[in-house]
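Here the structure is laid out as structure tokens; the discussion comes afterwards.
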Amino acid sequence: MKFTRIALAAALVGCGLFAARAASAEDIKLRIASGHPPANTYVSLMQSFFVPEVTKRVAARTKHKVEFIEAYGGSIVKVADVLEGVQSGIVDIGGYCFCFEPSNLPLHSFQVMLPFGTMSPVASVKLGRAVYDKVPYMSKVFEDKFNQRLIALIADNGYNLGTSFEWNSVADLKGRKLAGAGLNLKWLEYAGAVPVQSSLPEAYTSMQTGVYNGWIMFPSGWVNFKLYEVGKFYTEIGFGAITWHGLTINKNRFTKLPKEVQDIILEVGREYEARTGTVNEENYPKQLEQLKSFGTNVKKLPDSVRVDWANALKDWPQQKADELDKQGLPASQVLKLTLEEAEKLGHKWPLRYRIK
């Protein structure tokens with residue numbers, strides 16, 4: 001009887017040790033996706049930096065192994081479905097533009113509400129991070145309402161206007177059909193253009209067939225999606241480099257990960273965030289030169305045109321602040337902070353918007 005008890009105890013200890021070993025080393029699979037293809041800089045960096053760095057650091061610093069299942073270009077989730085895809089767990093990690101979530105994340109396009117901001121992606125992402133850090137709602141809403149955690153902000157390059165026609169003044173755009181995404185359509189509306197909602201994967205065909213004749217777009221988009229073939233004019237108007245994308249992870253999946261893996265994901269996420277600024281900033285002049293080499297008419301408009309356009313939009317930031325404040329969102333706080341933080345980073349607004 002005594003032998004039986006000892007054998008049983010030994011067996012239980014052995015099982016416990018086996019379970020402990022099993023628990024201490026996991027093979028982790030994570031599905032990472034975006035509706036945009038790697039031709040977009042932020043998706044390229046998901047593929048070339050975030051995924052390999054997390055994989056490498058987990059292997060080097062923990063007993064675990066991470067394998068990513070990558071799905072870009074809308075193969076699992078389309079551009080407007082990534083937030084919901086992460087929320088439901090269809091994908092574990094998603095990169096997406098908040099511009100496609102005007103109902104769910106109306107305040108997260110706040111830099112767009114203050115057009116003609118900094119054209120530096122490095123400054124833009126620093127500005128975005130400062131606002132997120134000072135207004136807890138901006139990050140918490142992902143956890144509280146959408147079952148995910150924000151692990152990185154993503155800067156775009158500086159936005160300008162690419163067209164199939166030449167233009168030199170705001171008046172030249174009146175009645176023209178021009179595309180944008182989400183809230184930046186208002187920039188076009190106030191200039192007298194006809195705004196058309198679109199997304200980069202459909203831009204070439206839409207430009208080619210005349211659905212619209214131009215796009216609010218950064219130069220990488222004009223290069224990588226070959227829009228220079230259907231839009232021979234790229235005009236530097238300087239709307240600003242906007243931080244309005246993010247990388248998020250499903251909260252349930254994140255919570256179940258070993259703590260050391262969580263820490264690595266957050267660590268690499270912040271490095272990825274900064275890199276979206278530096279890579280875009282380094283690429284901007286190179287991409288303008290590429291466009292010129294493809295025969296694109298690239299020109300920079302005088303500051304007076306920016307002032308004219310900013311004056312056309314001067315009342316809109318306050319209107320947006322009032323609208324979102326009424327919804328219980330900290331819009332006035334966020335827009336005031338954005339103006340101030342931009343100035344701390346050395347930006348001079350062509351028109352200093354006033355927020356009550």
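Letters A, B, ... go to the chains of the structure tokens in the order shown; residues in each chain start at 1; ligands are counted from 1 in the same order.
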
Inset, instruction - Write down as a ChimeraX atom specification the residues of range 65-233 of chain A whose backbone DSSP state falls under strand (DSSP E). - result: /A:65-71,93-97,148-163,177-180,194-197,214-217,233

Legend entry - All residues 10 Å or closer to range 324-333 of chain A, only C-alpha atoms, same chain fewer than 6 positions away omitted, as a PyMOL selection string: chain A and resi 106-108+110+131+134-135+137-138+317-318+355-356

Let's have the selection written as a PDB file, in the first residue's frame, with N, CA and C atoms.
```pdb
ATOM      1  N   PRO A 106     -14.139  58.288 -34.282  1.00  0.00           N
ATOM      2  CA  PRO A 106     -14.245  59.598 -34.939  1.00  0.00           C
ATOM      3  C   PRO A 106     -13.186  60.602 -34.524  1.00  0.00           C
ATOM      4  N   LEU A 107     -12.631  60.464 -33.334  1.00  0.00           N
ATOM      5  CA  LEU A 107     -11.641  61.428 -32.861  1.00  0.00           C
ATOM      6  C   LEU A 107     -10.221  61.051 -33.261  1.00  0.00           C
ATOM      7  N   HIS A 108     -10.005  59.816 -33.688  1.00  0.00           N
ATOM      8  CA  HIS A 108      -8.650  59.339 -33.933  1.00  0.00           C
ATOM      9  C   HIS A 108      -8.056  59.870 -35.245  1.00  0.00           C
ATOM     10  N   PHE A 110      -7.711  63.044 -35.602  1.00  0.00           N
ATOM     11  CA  PHE A 110      -7.642  64.432 -35.133  1.00  0.00           C
ATOM     12  C   PHE A 110      -6.632  65.285 -35.896  1.00  0.00           C
ATOM     13  N   VAL A 131      -0.056  63.285 -27.697  1.00  0.00           N
ATOM     14  CA  VAL A 131      -1.495  63.445 -27.473  1.00  0.00           C
ATOM     15  C   VAL A 131      -2.083  62.183 -26.855  1.00  0.00           C
ATOM     16  N   LYS A 134      -1.243  61.938 -23.203  1.00  0.00           N
ATOM     17  CA  LYS A 134      -1.877  62.927 -22.333  1.00  0.00           C
ATOM     18  C   LYS A 134      -3.393  62.806 -22.265  1.00  0.00           C
ATOM     19  N   VAL A 135      -3.972  62.044 -23.197  1.00  0.00           N
ATOM     20  CA  VAL A 135      -5.433  61.850 -23.208  1.00  0.00           C
ATOM     21  C   VAL A 135      -5.693  60.343 -23.178  1.00  0.00           C
ATOM     22  N   TYR A 137      -8.161  58.404 -22.977  1.00  0.00           N
ATOM     23  CA  TYR A 137      -9.251  57.878 -23.803  1.00  0.00           C
ATOM     24  C   TYR A 137      -8.739  57.342 -25.141  1.00  0.00           C
ATOM     25  N   MET A 138      -7.743  58.007 -25.724  1.00  0.00           N
ATOM     26  CA  MET A 138      -7.310  57.680 -27.081  1.00  0.00           C
ATOM     27  C   MET A 138      -6.823  56.234 -27.199  1.00  0.00           C
ATOM     28  N   PRO A 317     -12.224  73.212 -38.025  1.00  0.00           N
ATOM     29  CA  PRO A 317     -11.739  72.551 -36.805  1.00  0.00           C
ATOM     30  C   PRO A 317     -12.633  72.797 -35.593  1.00  0.00           C
ATOM     31  N   GLN A 318     -13.107  74.007 -35.419  1.00  0.00           N
ATOM     32  CA  GLN A 318     -14.001  74.289 -34.293  1.00  0.00           C
ATOM     33  C   GLN A 318     -15.332  73.560 -34.442  1.00  0.00           C
ATOM     34  N   ILE A 355      -9.331  77.018 -31.140  1.00  0.00           N
ATOM     35  CA  ILE A 355     -10.268  76.060 -30.549  1.00  0.00           C
ATOM     36  C   ILE A 355     -10.636  76.599 -29.164  1.00  0.00           C
ATOM     37  N   LYS A 356     -11.929  76.718 -28.917  1.00  0.00           N
ATOM     38  CA  LYS A 356     -12.396  77.262 -27.630  1.00  0.00           C
ATOM     39  C   LYS A 356     -12.104  76.293 -26.487  1.00  0.00           C
TER      40      LYS A 356
END
```

Distance query range 245-258 of chain A at most 8 Å, only C-alpha atoms, self and fewer than 2 positions along chain excluded, as a compact mmCIF listing (two decimals) with C-alpha atoms, in the first residue's frame:
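File result.txt, as written:
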```
# COMPACT_ATOMS: atom_id res chain seq x y z
CA VAL A 86 -9.09 42.08 -34.61
CA GLN A 87 -12.08 42.63 -32.33
CA SER A 88 -13.62 39.27 -33.23
CA GLY A 89 -10.32 37.39 -33.27
CA VAL A 91 -6.88 38.04 -36.90
CA ASP A 92 -4.69 38.53 -33.84
CA ILE A 93 -2.83 41.66 -34.94
CA GLY A 94 -4.04 44.20 -37.48
CA GLY A 95 -2.68 47.33 -39.08
CA TYR A 96 -5.22 49.82 -40.38
CA CYS A 97 -6.20 53.41 -40.99
CA PHE A 98 -8.59 54.96 -38.49
CA CYS A 99 -9.93 56.89 -41.47
CA GLU A 143 -9.67 48.03 -24.94
CA ASN A 147 -11.49 44.13 -27.42
CA GLN A 148 -8.00 45.07 -28.57
CA ARG A 149 -4.90 46.84 -27.41
CA LEU A 150 -3.13 49.57 -29.33
CA ILE A 151 0.52 48.56 -29.66
CA ALA A 152 1.76 51.18 -32.13
CA LEU A 153 0.80 54.39 -33.86
CA ILE A 154 1.68 54.67 -37.54
CA ALA A 155 2.74 57.82 -39.38
CA ASP A 156 2.01 58.44 -43.03
CA THR A 243 -0.55 59.81 -37.85
CA GLU A 260 7.80 38.02 -21.59
CA VAL A 261 6.23 37.67 -25.06
CA GLN A 262 3.78 40.47 -24.27
CA GLY A 269 5.64 47.93 -31.34
```

Inset, instruction - Take CA of Val125 in chain A and CA of Phe146 in chain A and report the distance between them in Å, one decimal. - result: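 Between these atoms lies a distance of 22.8 Å.
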
Inset, instruction - Could you give me, as a ChimeraX atom specification, the residues within 12 Å of Ser206 in chain A, counting only C-alpha atoms and dropping anything in the same chain fewer than 6 positions from it? - result: /A:164,177-179,196-200,212-215,227,230-231

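Picture a line from CA of Ser139 in chain A to CA of Leu188 in chain A; it runs 29.2 Å.
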
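Shortest atom-to-atom contact with Lys232 in chain A among A:Val211, A:Val279, A:Leu351, A:Leu161: A:Leu161, counting only C-alpha atoms.
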
Legend entry - alpha helix (DSSP H) positions in range 49-101 of chain A, given as a PyMOL selection string: chain A and resi 51-61+82-88

Could you please take those selected residues and save C-alpha atoms as a short mmCIF file (atom, residue, chain, number, x, y, z; two decimals), in the first residue's frame?
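Output file result-v1.cif is given in full below:
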```cif
data_model
loop_
_atom_site.label_atom_id
_atom_site.label_comp_id
_atom_site.auth_asym_id
_atom_site.auth_seq_id
_atom_site.Cartn_x
_atom_site.Cartn_y
_atom_site.Cartn_z
CA VAL A 51 7.28 40.30 -37.66
CA PRO A 52 10.98 39.30 -37.87
CA GLU A 53 11.96 41.36 -34.81
CA VAL A 54 9.28 39.85 -32.58
CA THR A 55 10.14 36.37 -33.88
CA LYS A 56 13.87 36.86 -33.33
CA ARG A 57 13.62 38.43 -29.87
CA VAL A 58 11.18 35.85 -28.55
CA ALA A 59 13.52 33.07 -29.73
CA ALA A 60 16.58 34.76 -28.24
CA ARG A 61 15.16 35.90 -24.90
CA VAL A 82 -9.54 45.29 -39.85
CA LEU A 83 -10.77 46.77 -36.56
CA GLU A 84 -13.67 44.32 -36.55
CA GLY A 85 -11.35 41.49 -37.61
CA VAL A 86 -9.09 42.08 -34.61
CA GLN A 87 -12.08 42.63 -32.33
CA SER A 88 -13.62 39.27 -33.23
#
```

Legend entry - Residues near Leu183 in chain A, cut-off 8 Å, only C-alpha atoms, skip fewer than 5 positions along chain, as a ChimeraX atom specification: /A:99,102,109,112-113

Same residues, C-alpha atoms, saved as a compact mmCIF listing (two decimals), in the first residue's frame:
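The new file selection_17.txt reads:
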```txt
# COMPACT_ATOMS: atom_id res chain seq x y z
CA CYS A 99 -9.93 56.89 -41.47
CA PRO A 102 -15.52 57.28 -38.80
CA SER A 109 -8.34 61.30 -37.19
CA VAL A 112 -6.72 65.59 -40.23
CA MET A 113 -8.99 68.10 -38.48
```

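Distance-wise, CA of Trp187 in chain A and CA of Met217 in chain A end up 12.4 Å apart.
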
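The shell of residues at most 9 Å from Lys314 in chain A, with only C-alpha atoms counted and near chain neighbours (fewer than 5 positions) removed, consists of Trp309, Leu351, Arg352, Tyr353 and Arg354 of chain A.
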
Store the residues picked out above, limited to N, CA and C atoms, as a PDB file, in the first residue's frame.
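Saved as out11.pdb:
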```
ATOM      1  N   TRP A 309      -6.088  78.026 -48.982  1.00  0.00           N
ATOM      2  CA  TRP A 309      -6.823  76.784 -48.691  1.00  0.00           C
ATOM      3  C   TRP A 309      -7.122  76.694 -47.190  1.00  0.00           C
ATOM      4  N   LEU A 351      -2.223  79.147 -40.989  1.00  0.00           N
ATOM      5  CA  LEU A 351      -3.312  79.848 -40.310  1.00  0.00           C
ATOM      6  C   LEU A 351      -3.445  79.198 -38.940  1.00  0.00           C
ATOM      7  N   ARG A 352      -3.339  79.984 -37.879  1.00  0.00           N
ATOM      8  CA  ARG A 352      -3.418  79.407 -36.521  1.00  0.00           C
ATOM      9  C   ARG A 352      -4.886  79.213 -36.156  1.00  0.00           C
ATOM     10  N   TYR A 353      -5.352  77.962 -36.240  1.00  0.00           N
ATOM     11  CA  TYR A 353      -6.736  77.654 -35.889  1.00  0.00           C
ATOM     12  C   TYR A 353      -6.975  77.957 -34.420  1.00  0.00           C
ATOM     13  N   ARG A 354      -8.195  78.350 -34.104  1.00  0.00           N
ATOM     14  CA  ARG A 354      -8.566  78.660 -32.725  1.00  0.00           C
ATOM     15  C   ARG A 354      -9.616  77.659 -32.259  1.00  0.00           C
TER      16      ARG A 354
END
```

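Residues surrounding Pro38 in chain A within 10 Å are A:Ser34, A:Gly35, A:Thr41, A:Tyr42, A:Val43, A:Ser44, A:Leu45, A:Met46, A:Gln47, A:Ser48, A:Tyr72, A:Gly73, A:Asn224 [only C-alpha atoms; sequence separation below 3 positions excluded].
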
For the residues in that selection, give me N, CA and C atoms as a PDB file, in the first residue's frame.
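Done, and the output landed in part.pdb:
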```
ATOM      1  N   SER A  34      -3.417  43.067 -42.758  1.00  0.00           N
ATOM      2  CA  SER A  34      -3.829  44.418 -43.124  1.00  0.00           C
ATOM      3  C   SER A  34      -4.620  44.344 -44.420  1.00  0.00           C
ATOM      4  N   GLY A  35      -5.515  45.302 -44.597  1.00  0.00           N
ATOM      5  CA  GLY A  35      -6.236  45.382 -45.864  1.00  0.00           C
ATOM      6  C   GLY A  35      -5.381  45.945 -46.973  1.00  0.00           C
ATOM      7  N   THR A  41       3.924  51.684 -47.039  1.00  0.00           N
ATOM      8  CA  THR A  41       5.119  51.654 -46.200  1.00  0.00           C
ATOM      9  C   THR A  41       4.863  50.979 -44.862  1.00  0.00           C
ATOM     10  N   TYR A  42       3.735  51.282 -44.226  1.00  0.00           N
ATOM     11  CA  TYR A  42       3.493  50.716 -42.891  1.00  0.00           C
ATOM     12  C   TYR A  42       3.318  49.206 -42.953  1.00  0.00           C
ATOM     13  N   VAL A  43       2.740  48.694 -44.047  1.00  0.00           N
ATOM     14  CA  VAL A  43       2.582  47.244 -44.195  1.00  0.00           C
ATOM     15  C   VAL A  43       3.929  46.605 -44.510  1.00  0.00           C
ATOM     16  N   SER A  44       4.711  47.271 -45.342  1.00  0.00           N
ATOM     17  CA  SER A  44       6.060  46.793 -45.623  1.00  0.00           C
ATOM     18  C   SER A  44       6.867  46.658 -44.331  1.00  0.00           C
ATOM     19  N   LEU A  45       6.700  47.615 -43.419  1.00  0.00           N
ATOM     20  CA  LEU A  45       7.421  47.562 -42.140  1.00  0.00           C
ATOM     21  C   LEU A  45       6.839  46.510 -41.196  1.00  0.00           C
ATOM     22  N   MET A  46       5.547  46.211 -41.295  1.00  0.00           N
ATOM     23  CA  MET A  46       4.994  45.074 -40.551  1.00  0.00           C
ATOM     24  C   MET A  46       5.703  43.801 -40.983  1.00  0.00           C
ATOM     25  N   GLN A  47       5.896  43.679 -42.287  1.00  0.00           N
ATOM     26  CA  GLN A  47       6.474  42.473 -42.882  1.00  0.00           C
ATOM     27  C   GLN A  47       7.984  42.398 -42.671  1.00  0.00           C
ATOM     28  N   SER A  48       8.669  43.530 -42.832  1.00  0.00           N
ATOM     29  CA  SER A  48      10.134  43.506 -42.832  1.00  0.00           C
ATOM     30  C   SER A  48      10.748  43.814 -41.470  1.00  0.00           C
ATOM     31  N   TYR A  72      -1.674  40.035 -45.935  1.00  0.00           N
ATOM     32  CA  TYR A  72      -1.769  41.433 -46.308  1.00  0.00           C
ATOM     33  C   TYR A  72      -2.593  41.583 -47.586  1.00  0.00           C
ATOM     34  N   GLY A  73      -2.867  42.834 -47.941  1.00  0.00           N
ATOM     35  CA  GLY A  73      -3.560  43.098 -49.197  1.00  0.00           C
ATOM     36  C   GLY A  73      -5.000  42.650 -49.220  1.00  0.00           C
ATOM     37  N   ASN A 224       4.299  53.670 -55.533  1.00  0.00           N
ATOM     38  CA  ASN A 224       4.133  52.224 -55.365  1.00  0.00           C
ATOM     39  C   ASN A 224       2.900  51.665 -56.054  1.00  0.00           C
TER      40      ASN A 224
END
```
